[in-house]
Each structure stands twice: as C-alpha cells, then as structure tokens.
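Novice: Sharing entry07.txt, compact mmCIF, C-alpha atoms:
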# COMPACT_ATOMS: atom_id res chain seq x y z
CA MET A 559 16.27 -14.41 -188.89
CA ASN A 560 19.90 -14.89 -187.98
CA VAL A 561 22.73 -16.41 -189.97
CA GLU A 562 25.94 -18.04 -188.82
CA LEU A 563 29.09 -18.38 -190.94
CA VAL A 564 31.41 -21.35 -190.80
CA CYS A 565 34.60 -21.08 -192.86
CA VAL A 566 36.49 -24.33 -193.41
CA GLY A 567 40.20 -24.65 -194.11
CA THR A 568 43.38 -25.29 -192.16
CA GLU A 569 45.09 -22.65 -194.31
CA LEU A 570 42.79 -20.04 -192.75
CA LEU A 571 43.87 -21.06 -189.24
CA LEU A 572 47.53 -20.92 -190.23
CA GLY A 573 47.15 -17.46 -191.72
CA SER A 574 48.29 -18.68 -195.13
CA ILE A 575 45.35 -16.90 -196.76
CA VAL A 576 43.10 -14.05 -195.64
CA ASN A 577 39.49 -14.96 -194.91
CA THR A 578 37.87 -12.61 -197.41
CA ASN A 579 34.82 -14.88 -197.71
CA ALA A 580 33.69 -14.03 -194.18
CA ALA A 581 33.87 -10.30 -194.87
CA TYR A 582 31.99 -10.68 -198.15
CA LEU A 583 29.24 -12.91 -196.74
CA SER A 584 28.82 -10.77 -193.62
CA GLU A 585 28.26 -7.66 -195.68
CA LYS A 586 25.86 -9.37 -198.08
CA CYS A 587 23.83 -10.96 -195.29
CA ALA A 588 23.60 -7.63 -193.47
CA GLY A 589 22.28 -6.11 -196.67
CA LEU A 590 19.57 -8.77 -196.72
CA GLY A 591 18.58 -7.86 -193.17
CA LEU A 592 20.02 -11.02 -191.60
CA SER A 593 21.70 -10.73 -188.21
CA CYS A 594 25.06 -12.48 -187.89
CA TYR A 595 25.94 -13.25 -184.25
CA PHE A 596 28.62 -15.92 -184.73
CA GLN A 597 31.44 -16.73 -187.15
CA THR A 598 33.69 -19.74 -186.84
CA VAL A 599 36.83 -20.90 -188.62
CA VAL A 600 37.58 -24.62 -188.41
CA GLY A 601 40.31 -26.72 -189.97
CA ASP A 602 39.96 -29.66 -192.33
CA ASN A 603 38.99 -32.12 -189.62
CA GLY A 604 35.71 -34.04 -189.76
CA ASP A 605 35.13 -34.42 -186.02
CA ARG A 606 35.78 -30.76 -185.21
CA LEU A 607 33.71 -29.61 -188.17
CA ALA A 608 30.81 -31.84 -187.04
CA ARG A 609 30.88 -30.28 -183.56
CA VAL A 610 30.97 -26.75 -184.99
CA LEU A 611 28.06 -27.49 -187.34
CA GLY A 612 26.02 -29.08 -184.54
CA THR A 613 26.44 -26.00 -182.37
CA ALA A 614 25.67 -23.63 -185.23
CA MET A 615 22.50 -25.51 -186.18
CA GLU A 616 21.21 -25.34 -182.61
CA ARG A 617 21.48 -21.56 -182.27
CA SER A 618 21.00 -20.16 -185.78
CA ASP A 619 18.25 -20.11 -188.40
CA ILE A 620 20.67 -20.27 -191.33
CA VAL A 621 24.17 -21.74 -191.41
CA ILE A 622 26.39 -20.84 -194.35
CA VAL A 623 29.49 -23.01 -194.72
CA CYS A 624 32.21 -22.09 -197.21
CA GLY A 625 35.16 -24.18 -198.29
CA GLY A 626 35.96 -27.88 -198.25
CA LEU A 627 33.93 -28.88 -201.32
CA GLY A 628 36.94 -29.81 -203.43
CA PRO A 629 37.96 -33.22 -204.81
CA THR A 630 40.79 -34.04 -202.39
CA GLU A 631 40.73 -36.29 -199.36
CA ASP A 632 40.80 -33.42 -196.87
CA ASP A 633 37.71 -31.77 -198.44
CA LEU A 634 35.21 -33.04 -195.88
CA THR A 635 32.55 -30.34 -195.66
CA LYS A 636 29.81 -31.94 -197.75
CA GLU A 637 30.16 -35.39 -196.27
CA THR A 638 30.34 -34.10 -192.70
CA ALA A 639 27.38 -31.73 -193.13
CA ALA A 640 25.29 -34.51 -194.68
CA LYS A 641 26.07 -36.79 -191.73
CA VAL A 642 25.19 -34.10 -189.17
CA CYS A 643 21.92 -33.44 -191.03
CA GLY A 644 21.12 -37.16 -191.32
CA LYS A 645 21.30 -37.22 -195.11
CA LYS A 646 22.67 -39.99 -197.35
CA MET A 647 24.95 -39.19 -200.27
CA TYR A 648 24.15 -40.08 -203.89
CA LEU A 649 25.62 -39.46 -207.35
CA HIS A 650 23.95 -36.39 -208.85
CA GLU A 651 24.06 -37.03 -212.59
CA PRO A 652 23.59 -33.36 -213.71
CA SER A 653 26.57 -32.36 -211.58
CA LYS A 654 28.64 -35.21 -213.04
CA LYS A 655 27.79 -34.01 -216.56
CA ALA A 656 28.67 -30.43 -215.59
CA ILE A 657 32.08 -31.61 -214.36
CA GLU A 658 32.64 -33.52 -217.63
CA SER A 659 31.75 -30.41 -219.64
CA PHE A 660 33.99 -28.22 -217.51
CA PHE A 661 37.05 -30.40 -218.16
CA ALA A 662 36.19 -30.90 -221.84
CA TYR A 663 36.08 -27.14 -222.33
CA LYS A 664 39.57 -26.86 -220.83
CA GLY A 665 40.82 -29.78 -222.94
CA MET A 666 41.60 -31.83 -219.82
CA GLU A 667 40.61 -35.21 -218.46
CA PRO A 668 38.99 -35.37 -215.01
CA THR A 669 40.64 -37.64 -212.46
CA ASP A 670 38.71 -40.20 -210.40
CA ASN A 671 38.55 -37.98 -207.34
CA ASN A 672 36.69 -35.28 -209.32
CA TRP A 673 33.56 -37.45 -209.27
CA LYS A 674 33.51 -37.00 -205.51
CA GLN A 675 32.24 -33.49 -206.18
CA ALA A 676 29.13 -34.93 -207.88
CA MET A 677 28.20 -36.88 -204.73
CA LEU A 678 25.51 -34.83 -203.00
CA PRO A 679 23.17 -35.16 -200.00
CA GLU A 680 19.76 -36.62 -200.80
CA GLY A 681 16.93 -34.10 -200.94
CA ALA A 682 19.29 -31.13 -201.22
CA ILE A 683 18.81 -28.13 -203.49
CA VAL A 684 21.78 -28.13 -205.87
CA LEU A 685 23.39 -24.82 -206.85
CA HIS A 686 25.02 -24.78 -210.28
CA ASN A 687 28.63 -23.60 -210.40
CA PRO A 688 29.60 -22.32 -213.87
CA ASN A 689 33.00 -21.17 -212.55
CA GLY A 690 34.27 -24.42 -211.09
CA THR A 691 33.57 -28.09 -210.45
CA ALA A 692 32.05 -27.92 -206.95
CA PRO A 693 28.26 -27.44 -206.91
CA GLY A 694 26.73 -25.64 -203.96
CA VAL A 695 24.19 -27.28 -201.69
CA ILE A 696 21.19 -26.16 -199.63
CA MET A 697 19.80 -28.61 -197.05
CA GLU A 698 16.45 -27.59 -195.60
CA MET A 699 15.86 -28.95 -192.11
CA LYS A 700 12.82 -28.28 -189.92
CA ASP A 701 14.35 -25.43 -187.92
CA VAL A 702 17.48 -24.53 -189.85
CA LYS A 703 18.78 -24.15 -193.40
CA VAL A 704 22.34 -25.30 -194.11
CA ILE A 705 24.02 -23.79 -197.17
CA LEU A 706 27.33 -25.12 -198.51
CA LEU A 707 29.41 -22.93 -200.81
CA PRO A 708 32.78 -23.48 -202.54
CA GLY A 709 35.77 -21.71 -201.02
CA PRO A 710 37.37 -19.87 -203.99
CA PRO A 711 35.93 -16.32 -204.02
CA ASN A 712 35.54 -16.34 -207.81
CA GLU A 713 33.17 -19.29 -207.36
CA LEU A 714 31.53 -18.35 -204.04
CA GLN A 715 30.57 -14.78 -204.91
CA PRO A 716 28.75 -15.45 -208.23
CA MET A 717 26.96 -18.42 -206.64
CA PHE A 718 25.83 -16.30 -203.72
CA GLU A 719 24.62 -13.46 -205.96
CA GLU A 720 22.83 -15.68 -208.46
CA SER A 721 21.40 -18.44 -206.25
CA VAL A 722 21.77 -17.89 -202.50
CA ALA A 723 20.71 -14.23 -202.18
CA PRO A 724 17.36 -14.83 -203.97
CA TYR A 725 16.82 -17.97 -201.88
CA LEU A 726 17.45 -16.11 -198.61
CA ALA A 727 15.16 -13.28 -199.71
CA SER A 728 12.39 -15.82 -200.35
CA LEU A 729 12.46 -17.12 -196.78
CA THR A 730 10.57 -14.13 -195.45
CA ALA A 731 7.37 -12.44 -196.56
CA GLN A 732 9.04 -9.14 -195.84
CA VAL A 733 11.06 -7.36 -198.52
CA ILE A 734 14.37 -5.94 -197.31
CA CYS A 735 15.98 -2.95 -199.05
CA SER A 736 19.30 -1.36 -198.24
CA GLN A 737 21.11 1.73 -199.42
CA THR A 738 24.69 2.59 -198.56
CA VAL A 739 25.76 6.19 -198.09
CA LYS A 740 29.50 6.39 -198.74
CA ILE A 741 31.46 9.19 -197.09
CA CYS A 742 35.02 10.44 -197.44
CA GLY A 743 36.89 13.19 -195.61
CA VAL A 744 35.16 12.46 -192.27
CA GLY A 745 36.64 10.11 -189.65
CA GLU A 746 34.75 7.12 -188.28
CA SER A 747 34.24 8.48 -184.77
CA LYS A 748 33.05 11.88 -186.03
CA ALA A 749 30.70 10.27 -188.54
CA GLU A 750 29.17 8.06 -185.87
CA THR A 751 28.76 11.05 -183.55
CA MET A 752 26.97 12.92 -186.30
CA VAL A 753 24.35 10.15 -186.65
CA MET A 754 24.21 8.84 -183.07
CA ASP A 755 20.76 10.35 -182.48
CA LEU A 756 19.48 8.51 -185.56
CA ILE A 757 21.06 5.25 -184.40
CA ASP A 758 19.66 5.61 -180.86
CA GLY A 759 16.18 6.25 -182.21
CA GLN A 760 16.21 3.69 -185.00
CA THR A 761 13.42 1.19 -185.49
CA ASN A 762 12.72 0.67 -189.18
CA PRO A 763 14.87 1.60 -191.08
CA THR A 764 18.00 0.64 -189.18
CA ILE A 765 21.33 2.44 -189.51
CA ALA A 766 24.81 0.94 -189.21
CA THR A 767 28.22 2.51 -189.78
CA TYR A 768 31.19 0.65 -191.27
CA ALA A 769 34.76 1.93 -191.29
CA LYS A 770 36.77 1.48 -194.49
CA THR A 771 40.31 2.68 -195.20
CA GLY A 772 39.86 6.43 -195.55
CA GLU A 773 36.09 6.14 -195.77
CA VAL A 774 32.95 5.56 -193.71
CA HIS A 775 29.95 3.72 -195.10
CA ILE A 776 26.52 4.11 -193.54
CA ARG A 777 24.08 1.37 -194.48
CA VAL A 778 20.37 2.13 -194.14
CA THR A 779 18.13 -0.96 -194.18
CA ALA A 780 14.34 -1.07 -194.25
CA ASN A 781 11.86 -3.92 -194.41
CA ALA A 782 8.28 -3.78 -195.60
CA GLY A 783 5.66 -5.81 -197.41
CA ASP A 784 6.96 -4.82 -200.84
CA ARG A 785 10.01 -3.16 -202.40
CA LYS A 786 8.24 0.13 -203.10
CA SER A 787 7.20 0.51 -199.45
CA ALA A 788 10.70 -0.39 -198.22
CA ALA A 789 12.28 2.15 -200.58
CA LYS A 790 9.83 4.79 -199.33
CA LEU A 791 11.04 4.16 -195.76
CA LEU A 792 14.68 4.59 -196.83
CA LYS A 793 14.17 7.91 -198.60
CA PRO A 794 13.80 10.33 -195.65
CA VAL A 795 16.71 8.78 -193.74
CA VAL A 796 19.04 9.00 -196.74
CA LYS A 797 17.86 12.57 -197.31
CA GLU A 798 18.73 13.44 -193.70
CA LEU A 799 22.21 11.90 -194.08
CA LYS A 800 22.78 13.97 -197.21
CA ALA A 801 21.81 17.10 -195.29
CA ARG A 802 24.25 16.27 -192.49
CA PHE A 803 27.26 15.18 -194.54
CA GLY A 804 26.80 17.24 -197.70
CA ASN A 805 29.62 16.96 -200.22
CA HIS A 806 31.45 14.46 -198.02
CA ILE A 807 29.03 11.91 -199.48
CA TYR A 808 30.52 10.73 -202.74
CA THR A 809 27.81 8.22 -203.69
CA THR A 810 24.75 6.33 -202.55
CA GLU A 811 25.23 3.62 -205.17
CA GLU A 812 26.49 0.21 -204.09
CA ASP A 813 28.94 -0.35 -206.95
CA VAL A 814 30.55 3.12 -207.02
CA THR A 815 33.99 3.33 -205.43
CA LEU A 816 35.78 6.48 -204.29
CA GLU A 817 38.12 6.33 -207.29
CA LYS A 818 35.17 5.90 -209.67
CA SER A 819 33.47 8.93 -208.16
CA VAL A 820 36.62 10.97 -208.82
CA VAL A 821 36.85 9.74 -212.40
CA ASP A 822 33.15 10.43 -212.99
CA LEU A 823 33.56 13.94 -211.59
CA ALA A 824 36.52 14.58 -213.88
CA LEU A 825 34.58 13.27 -216.87
CA ALA A 826 31.59 15.47 -216.01
CA ASN A 827 33.84 18.54 -216.04
CA ASN A 828 36.10 17.53 -218.96
CA LEU A 829 39.17 17.38 -216.71
CA THR A 830 42.35 15.38 -217.13
CA ILE A 831 44.39 13.99 -214.23
CA THR A 832 48.06 13.30 -213.52
CA CYS A 833 49.72 11.82 -210.42
CA ALA A 834 53.12 12.33 -208.81
CA GLU A 835 53.85 9.78 -206.09
CA SER A 836 56.68 9.11 -203.71
CA CYS A 837 55.85 6.91 -200.69
CA THR A 838 52.79 5.35 -202.37
CA GLY A 839 54.86 4.15 -205.31
CA GLY A 840 52.10 4.19 -207.93
CA MET A 841 49.23 2.91 -205.76
CA LEU A 842 47.12 6.01 -206.46
CA SER A 843 47.55 5.61 -210.20
CA ALA A 844 46.72 1.91 -209.91
CA ARG A 845 43.40 2.63 -208.16
CA LEU A 846 42.44 5.21 -210.75
CA ILE A 847 43.38 2.94 -213.63
CA ASN A 848 41.11 0.21 -212.20
CA VAL A 849 38.14 2.36 -213.24
CA PRO A 850 36.70 1.62 -216.71
CA GLY A 851 36.83 4.69 -218.95
CA ILE A 852 39.91 6.08 -217.22
CA SER A 853 41.65 6.60 -220.57
CA GLU A 854 39.45 9.66 -221.13
CA VAL A 855 40.77 11.23 -217.92
CA TYR A 856 44.19 9.92 -216.92
CA LYS A 857 47.15 11.48 -218.72
CA SER A 858 50.24 10.25 -216.87
CA GLY A 859 51.78 9.27 -213.57
CA VAL A 860 55.31 9.40 -212.20
CA VAL A 861 56.92 7.79 -209.16
CA THR A 862 59.65 10.12 -207.91
CA TYR A 863 61.00 8.26 -204.92
CA SER A 864 64.42 9.90 -204.70
CA ASN A 865 65.20 13.58 -204.26
CA LYS A 866 67.04 13.52 -207.57
CA ALA A 867 63.92 12.24 -209.35
CA LYS A 868 61.81 14.93 -207.70
CA ARG A 869 64.22 17.57 -209.01
CA LYS A 870 64.82 16.13 -212.49
CA LEU A 871 61.29 15.01 -213.35
CA LEU A 872 59.07 17.42 -211.42
CA GLY A 873 61.27 20.48 -211.05
CA VAL A 874 61.24 20.49 -207.25
CA LYS A 875 63.82 23.07 -206.20
CA LYS A 876 67.06 21.86 -204.67
CA SER A 877 66.77 24.62 -202.07
CA THR A 878 63.29 23.37 -201.10
CA LEU A 879 64.56 19.87 -200.50
CA GLN A 880 67.55 21.11 -198.51
CA LYS A 881 65.57 23.54 -196.35
CA TYR A 882 62.28 21.68 -195.85
CA GLY A 883 63.05 18.07 -196.78
CA ALA A 884 61.40 15.63 -199.16
CA VAL A 885 58.51 15.14 -196.75
CA SER A 886 57.14 18.65 -196.42
CA GLU A 887 54.27 20.87 -197.44
CA LYS A 888 56.55 22.85 -199.71
CA THR A 889 57.85 19.79 -201.56
CA ALA A 890 54.38 18.31 -202.03
CA GLY A 891 53.17 21.59 -203.52
CA GLU A 892 56.07 21.81 -205.94
CA MET A 893 55.55 18.17 -206.95
CA ALA A 894 51.92 18.94 -207.82
CA LYS A 895 52.89 22.03 -209.81
CA GLY A 896 55.63 20.15 -211.64
CA ALA A 897 53.28 17.28 -212.52
CA LEU A 898 50.84 19.74 -214.11
CA LEU A 899 53.63 21.39 -216.04
CA ILE A 900 55.06 18.22 -217.59
CA SER A 901 51.70 16.56 -218.29
CA ARG A 902 49.59 19.58 -219.24
CA ALA A 903 46.74 17.98 -217.32
CA ASP A 904 44.03 19.97 -215.51
CA VAL A 905 44.36 18.27 -212.13
CA SER A 906 47.44 16.88 -210.40
CA VAL A 907 47.87 15.05 -207.11
CA ALA A 908 51.19 14.59 -205.36
CA ILE A 909 52.00 12.41 -202.35
CA THR A 910 55.16 12.41 -200.25
CA GLY A 911 55.56 10.86 -196.82
CA ILE A 912 57.21 8.44 -194.43
CA ALA A 913 55.59 5.00 -194.67
CA GLY A 914 58.04 3.33 -192.27
CA PRO A 915 58.85 1.22 -190.47
CA ASP A 916 62.12 3.22 -190.46
CA GLY A 917 62.95 6.78 -191.40
CA GLY A 918 60.83 8.62 -188.85
CA THR A 919 62.08 11.27 -186.44
CA GLU A 920 60.49 13.13 -183.54
CA GLU A 921 59.83 16.08 -185.84
CA LYS A 922 58.70 13.93 -188.77
CA PRO A 923 57.33 10.61 -187.46
CA VAL A 924 56.39 7.51 -189.43
CA GLY A 925 52.95 8.08 -190.88
CA LEU A 926 53.49 11.75 -191.71
CA VAL A 927 52.24 12.32 -195.26
CA TYR A 928 51.74 15.49 -197.30
CA ILE A 929 49.24 15.42 -200.13
CA ALA A 930 48.96 18.24 -202.64
CA CYS A 931 46.28 18.77 -205.26
CA SER A 932 46.41 21.36 -208.00
CA VAL A 933 43.29 22.15 -210.02
CA LYS A 934 44.19 24.34 -212.99
CA GLY A 935 47.04 25.89 -211.03
CA LYS A 936 45.28 26.37 -207.66
CA VAL A 937 47.28 24.27 -205.16
CA THR A 938 45.94 22.86 -201.89
CA VAL A 939 48.24 20.92 -199.53
CA LYS A 940 47.04 18.71 -196.69
CA GLU A 941 49.13 17.32 -193.84
CA CYS A 942 48.07 13.83 -192.69
CA ARG A 943 49.26 11.59 -189.87
CA PHE A 944 48.41 7.95 -190.38
CA SER A 945 48.99 4.94 -188.14
CA GLY A 946 49.50 1.25 -188.86
CA ASN A 947 52.09 -0.73 -190.77
CA ARG A 948 53.79 0.38 -193.97
CA ASN A 949 51.07 -0.89 -196.29
CA LYS A 950 48.22 0.53 -194.18
CA ILE A 951 49.86 3.97 -194.19
CA ARG A 952 50.27 3.86 -197.97
CA GLU A 953 46.66 2.73 -198.49
CA SER A 954 45.41 5.46 -196.17
CA ALA A 955 47.44 8.04 -198.09
CA VAL A 956 45.89 6.95 -201.39
CA SER A 957 42.35 7.17 -200.00
CA ALA A 958 43.09 10.61 -198.55
CA ALA A 959 44.52 11.73 -201.90
CA LEU A 960 41.37 10.65 -203.74
CA ALA A 961 39.21 12.46 -201.18
CA LEU A 962 41.34 15.61 -201.47
CA MET A 963 41.23 15.51 -205.27
CA ARG A 964 37.45 15.18 -205.23
CA GLY A 965 37.08 17.98 -202.69
CA CYS A 966 39.36 20.34 -204.62
CA ILE A 967 37.49 19.78 -207.88
CA LEU A 968 34.17 20.42 -206.18
CA GLU A 969 35.53 23.54 -204.51
CA TYR A 970 37.00 24.87 -207.74
CA TYR A 971 33.66 24.58 -209.47
CA SER A 972 31.72 25.70 -206.38
CA LYS A 973 29.64 22.54 -206.30
CA VAL A 974 27.91 23.03 -202.97
CA THR A 975 24.89 20.82 -203.62
CA PHE A 976 25.44 17.06 -203.24
CA GLY A 977 25.62 15.31 -206.57
CA LYS A 978 25.60 18.42 -208.76
CA LYS A 979 27.36 17.66 -212.04
CA GLU A 980 28.51 14.35 -210.63
CA SER A 981 27.77 11.10 -212.41
Before we go any further, please render this structure as structure tokens.
Specialist:
Amino acid sequence: MNVELVCVGTELLLGSIVNTNAAYLSEKCAGLGLSCYFQTVVGDNGDRLARVLGTAMERSDIVIVCGGLGPTEDDLTKETAAKVCGKKMYLHEPSKKAIESFFAYKGMEPTDNNWKQAMLPEGAIVLHNPNGTAPGVIMEMKDVKVILLPGPPNELQPMFEESVAPYLASLTAQVICSQTVKICGVGESKAETMVMDLIDGQTNPTIATYAKTGEVHIRVTANAGDRKSAAKLLKPVVKELKARFGNHIYTTEEDVTLEKSVVDLALANNLTITCAESCTGGMLSARLINVPGISEVYKSGVVTYSNKAKRKLLGVKKSTLQKYGAVSEKTAGEMAKGALLISRADVSVAITGIAGPDGGTEEKPVGLVYIACSVKGKVTVKECRFSGNRNKIRESAVSAALALMRGCILEYYSKVTFGKKES
C-alpha cells in the first residue's frame, strides 16, 4: 500500500514555520511498511486544496492530510475533504462535549467558532484529541482512505501513535516489523557502501539508510503473517549489520538517542562528565542534560568563548594560544585537561572551532573544529571539517563530540564487543 501526505497551511509555503509534520509522518509510515511517493504542501485555499486532494485520491491508497482543522475561517481542510469525498457535515455531539470539557478545564469559555470543530463528515471514524479541540477524522472510501489530522505536532503525534498507526496496521493481513540500527562515527556514503550488497539483494526484509546530523540510521523492515515471524526475519540482517559496523552502532532501540547512549555508558561504568565549549556555546551540555537521569553523570559545563576565559577558567597556556591559536589541536587538548582539573570529573569533552560565517582563513577555514576528549587523563583530539551554515556546523560539532566521547570511553575500557556493559 502507498500513502500520500498533504500538509495544509499558507505559513508552510511562506517558510514561517518548518514542516516537521511531513518528516515525522514519513518516518512513521515507512516504519509501518507504507511507501510514500508524493508529498504536497498547499495553502489555505479551498479550490487548490480540493484539486490536490482529488489528485492524491486518484493515485494513492491512503491520503493523510495535516493542518487546517482549527476554528478560524481559513481552516478549510475538513469541509473541503468532505466535499471531495461526497460527504455531508453534521454536529458530532461527543466532540462538542469534548470541546466544552477542554475549555472548562482551562477555566475559559469557548467562542462560537469553536463549535465548527465539532462539525464532522457523516460516516467518518472520529479520532479523539485529548491535547486540543480538533478531532481527527478517517473517511473510508471504496479505493482510498482519507485521514485528517490536526496541524500542531503536540496534537498530531499522539493522535497518530494512539489511533492512526493501529488503524493503518489493521488494513493489511501482514504484520510489519522494523528495527533501526543507529550508527555514529561513519559517514553516510561510507555506511551505504558498506551495506550496498545487502540493499541490492534485498527482498524481505528491506533495508534503507537515513542520514542524520552526525549519524546514519539503517532501518530494517520485514513483513510476515505474524509479529514473531517478522521479528525472526529481522534478526539475521541486524546481526550482519552489527558484524559490519561493530562499536559504531550505538543502539538498535527506537527511542535511544546518541546522547542517551553516552549517558547510559557513563552510568554503566560509574563515570562523571564535564564539558568545555567554545564555538558550540553550551549546545553539547544542553543535549546531555535533555537525558533523564543525567544528574548522576553530569558534573559541570563551561563556555569559554574568549581566549581570556580559556586561560582563566581552564588553564589554557597563553603561549599555546599565541603560537597555535584558539582553534587548534593543542588548545582543545588543554581545554579538556583543564575541564577535568576544575571539575574532578572522569570524562571531559572540549570543543573549539570556527562556526562562521566570518573568521575563517585559508589555513583555518570556516567549519574547522577541534574536539578533545579526556578519559581519566588520557586525551584524544580529533580534527573535523564541517560544511553548512553556522548552526549546522555547531550541530555537527556536537554530534561528533558525543561520538568521540562514546568511542573514547569504549576504547578506555576495551569494549570491543557491541553492547558490552552498555545499557
């Protein structure tokens, strides 16, 4: 079966907001084994939306529409979709009561236009929305299913997980299972080359690679008559990937991030962590602190943007800065040593670089970053050259720092086998 995404909102066309819904839905549908051949963004215009929906319904088995279910006049998705599907609208009393309860809980009075959100297409499956006032809708036609979801991600994502994903899974007798192998420290092109023979020979399971900032994810998807059989098909492929990538694989669990894998590794070895950042300005610390349980691991973090701060706070030598510069292997190493000294942590990571857009030279271009990691006094420094805008360079540096920290801890403890002493 194939699915088509239609995202509604003039603000998307203007670039006022980023279309994160499309990325989320694409990934989730791929995990369910649905092929997505088309995605469309259309503004808040009934005629254009009707044409887009008509085309989508002709060529796709499932059409998922997100956005335009609000109470205002330009929220036209539900009415337009109902018209295209030949459905009349009616007042859905349970949705009206849900809206009343929602506003009562907030101590507010609904306005007249809020009742518009309780008007639904006849015969539709109604999806409860505990996080907002716009219910979701599924209209089942003879050859196509049309699914309407609210636009705010904090409403769309729970609704998809709780209601839409089980519905989509029920449309086929086959059970689809996926497992994602997450890799760090290997570039996208190299990772793809390493599995190209598996991709060329794939049948069931299928293999797909996805590039993330500083990471590569390989999703293995199998379908079978039941979950146990599908999982059995996945096992040898995942085992082969582990053999090929070894310790570059940081997890095969969907909800584990690179930063969580680092924190779990530190917890497993009773290690504490400190960070010293220059060009990333605290972004590394922020990613680590996003992980629940970080208080057991994270001791401190400093942002030493100026040379003076590097000297005063981290003890970087004045002669080092004069001879090699702030962006250098030598400075990064001394930053990591100084961070360990002042924090008395077990592991330190230091980042210094040129994020741009200015400040680069022929010898030290924009994107040059040095990352140092010290594990109980043993210092490793890596030179990186990133491309992209200022924020992309900084994000890439953070991902590389996490990967280096993980690799250095594993090396220190001689963890050669994937997953050994890792949570």
Novice: Would you list the contacts of A:Leu729 as a ChimeraX atom specification, taking every protein, DNA or RNA residue within 12 Å and counting all atoms listed in the file, but skipping same-chain residues closer than 2 positions in sequence?
Specialist: /A:559-560,590-592,619-620,698,702-703,722-727,731-734
Novice: To one decimal in Å, tell me the separation between atom CA of A:Phe944 and atom CA of A:Ala908.
Specialist: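 Calculated distance between atom CA of A:Phe944 and atom CA of A:Ala908 is 16.6 Å.
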Novice: Just the number, please: distance in Å from atom CA of A:Tyr970 to atom CA of A:Val933, one decimal.
Specialist: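 Separation of atom CA of A:Tyr970 and atom CA of A:Val933: 7.2 Å.
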Novice: Could you tell me how far atom CA of A:Thr568 lies from atom CA of A:Leu649, in Å and to one decimal?
Specialist: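 Distance reported for this atom pair: 27.3 Å.
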Novice: For A:Thr764, which residue among A:Thr751, A:Asn781, A:Thr910, A:Ser957 is the nearest when counting only C-alpha atoms?
Specialist: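 Distance minimum relative to A:Thr764 lands on A:Asn781.
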Novice: Taking every listed atom of stretch 588-606 of chain A and adding 5 Å to each side, what centre and edge lengths in Å (one decimal) does the axis-aligned box have, as AutoDock Vina command-line options?
Specialist:
--center_x 29.4 --center_y -20.3 --center_z -190.5 --size_x 31.7 --size_y 38.3 --size_z 22.5
Novice: What are the closest atom pairs, with distances in Å to one decimal, for each residue of stretch 740-780 of chain A lying within 7 Å of stretch 803-821 of chain A, using only C-alpha atoms, rows by chain and rising residue number, as CSV?
Specialist:
residue,atom,partner,partner_atom,distance
A:Lys740,CA,A:Thr809,CA,5.5
A:Ile741,CA,A:Ile807,CA,4.4
A:Cys742,CA,A:His806,CA,5.4
A:Gly743,CA,A:His806,CA,6.1
Novice: Would you mind telling me which residue in A:Cys643, A:Leu706, A:Leu962, A:Ile831 lies nearest to A:Cys565 when using all atoms listed in the file?
Specialist: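 Distance minimum relative to A:Cys565 lands on A:Leu706.
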Novice: Could you give me, as a ChimeraX atom specification, the residues within 9 Å of stretch 768-771 of chain A, counting all atoms listed in the file and dropping anything in the same chain fewer than 6 positions from it?
Specialist: /A:745-746,777,950,953-954,957
Novice: Taking 3 positions as the minimum chain separation for residues in the same chain, which residues sit within 6 Å of A:Asp904 when counting only C-alpha atoms? Answer as an mmCIF file with C-alpha atoms, keeping the file's coordinate frame.
Specialist:
data_model
loop_
_atom_site.group_PDB
_atom_site.id
_atom_site.type_symbol
_atom_site.label_atom_id
_atom_site.label_comp_id
_atom_site.auth_asym_id
_atom_site.auth_seq_id
_atom_site.Cartn_x
_atom_site.Cartn_y
_atom_site.Cartn_z
ATOM 1 C CA LEU A 829 39.170 17.380 -216.710
ATOM 2 C CA THR A 830 42.350 15.380 -217.130
ATOM 3 C CA VAL A 933 43.290 22.150 -210.020
ATOM 4 C CA LYS A 934 44.190 24.340 -212.990
#
Novice: Excluding same-chain residues fewer than 3 positions from A:Asn671, what lies within 7 Å of it counting only C-alpha atoms, as an MDAnalysis selection string?
Specialist: chainID A and resid 629:630 674
Novice: Find the residues near A:Glu658: any atom within 12 Å, counting only C-alpha atoms, skip ones fewer than 3 places away on the same chain, and give them as number ranges by chain.
Specialist: A: 651-655, 661-670, 672-673, 675-676, 690-691
Novice: Mind dumping a table of every stretch 918-972 of chain A residue within 9 Å of stretch 863-886 of chain A, with the nearest atom pair and its distance in Å to one decimal, using all atoms listed in the file, sorted by chain and rising number, as a tab-separated table?
Specialist:
residue	atom	partner	partner_atom	distance
A:Lys922	CA	A:Val885	CA	8.1
A:Leu926	CA	A:Val885	CA	7.9
A:Val927	CA	A:Val885	CA	7.0
A:Tyr928	CA	A:Ser886	CA	6.3
A:Glu941	CA	A:Ser886	CA	8.5
Novice: May I ask which of the residues A:Val778, A:Met752, A:Ala955, A:Leu842 is the closest one to A:Gly589, counting all atoms listed in the file?
Specialist: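 Distance minimum relative to A:Gly589 lands on A:Val778.
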Novice: When distances are computed from only C-alpha atoms, which of A:Asn689, A:Thr838, A:Ala903, A:Cys931 shows the smallest separation from A:Lys857?
Specialist: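 Checking each of A:Asn689, A:Thr838, A:Ala903, A:Cys931 against A:Lys857, counting only C-alpha atoms, the winner is A:Ala903.
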Novice: Name the closest residue to A:Val600 among the candidates A:Met699, A:Leu634, A:Val956, A:Met754; distances are taken between atoms, counting only C-alpha atoms.
Specialist: A:Leu634
Novice: Find the residue from A:Glu713, A:Glu892, A:Glu680, A:Glu562 that sits nearest to A:Pro693; use all atoms listed in the file when measuring.
Specialist: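 Once distances to A:Pro693 are computed over all atoms listed in the file, the minimum belongs to A:Glu713.
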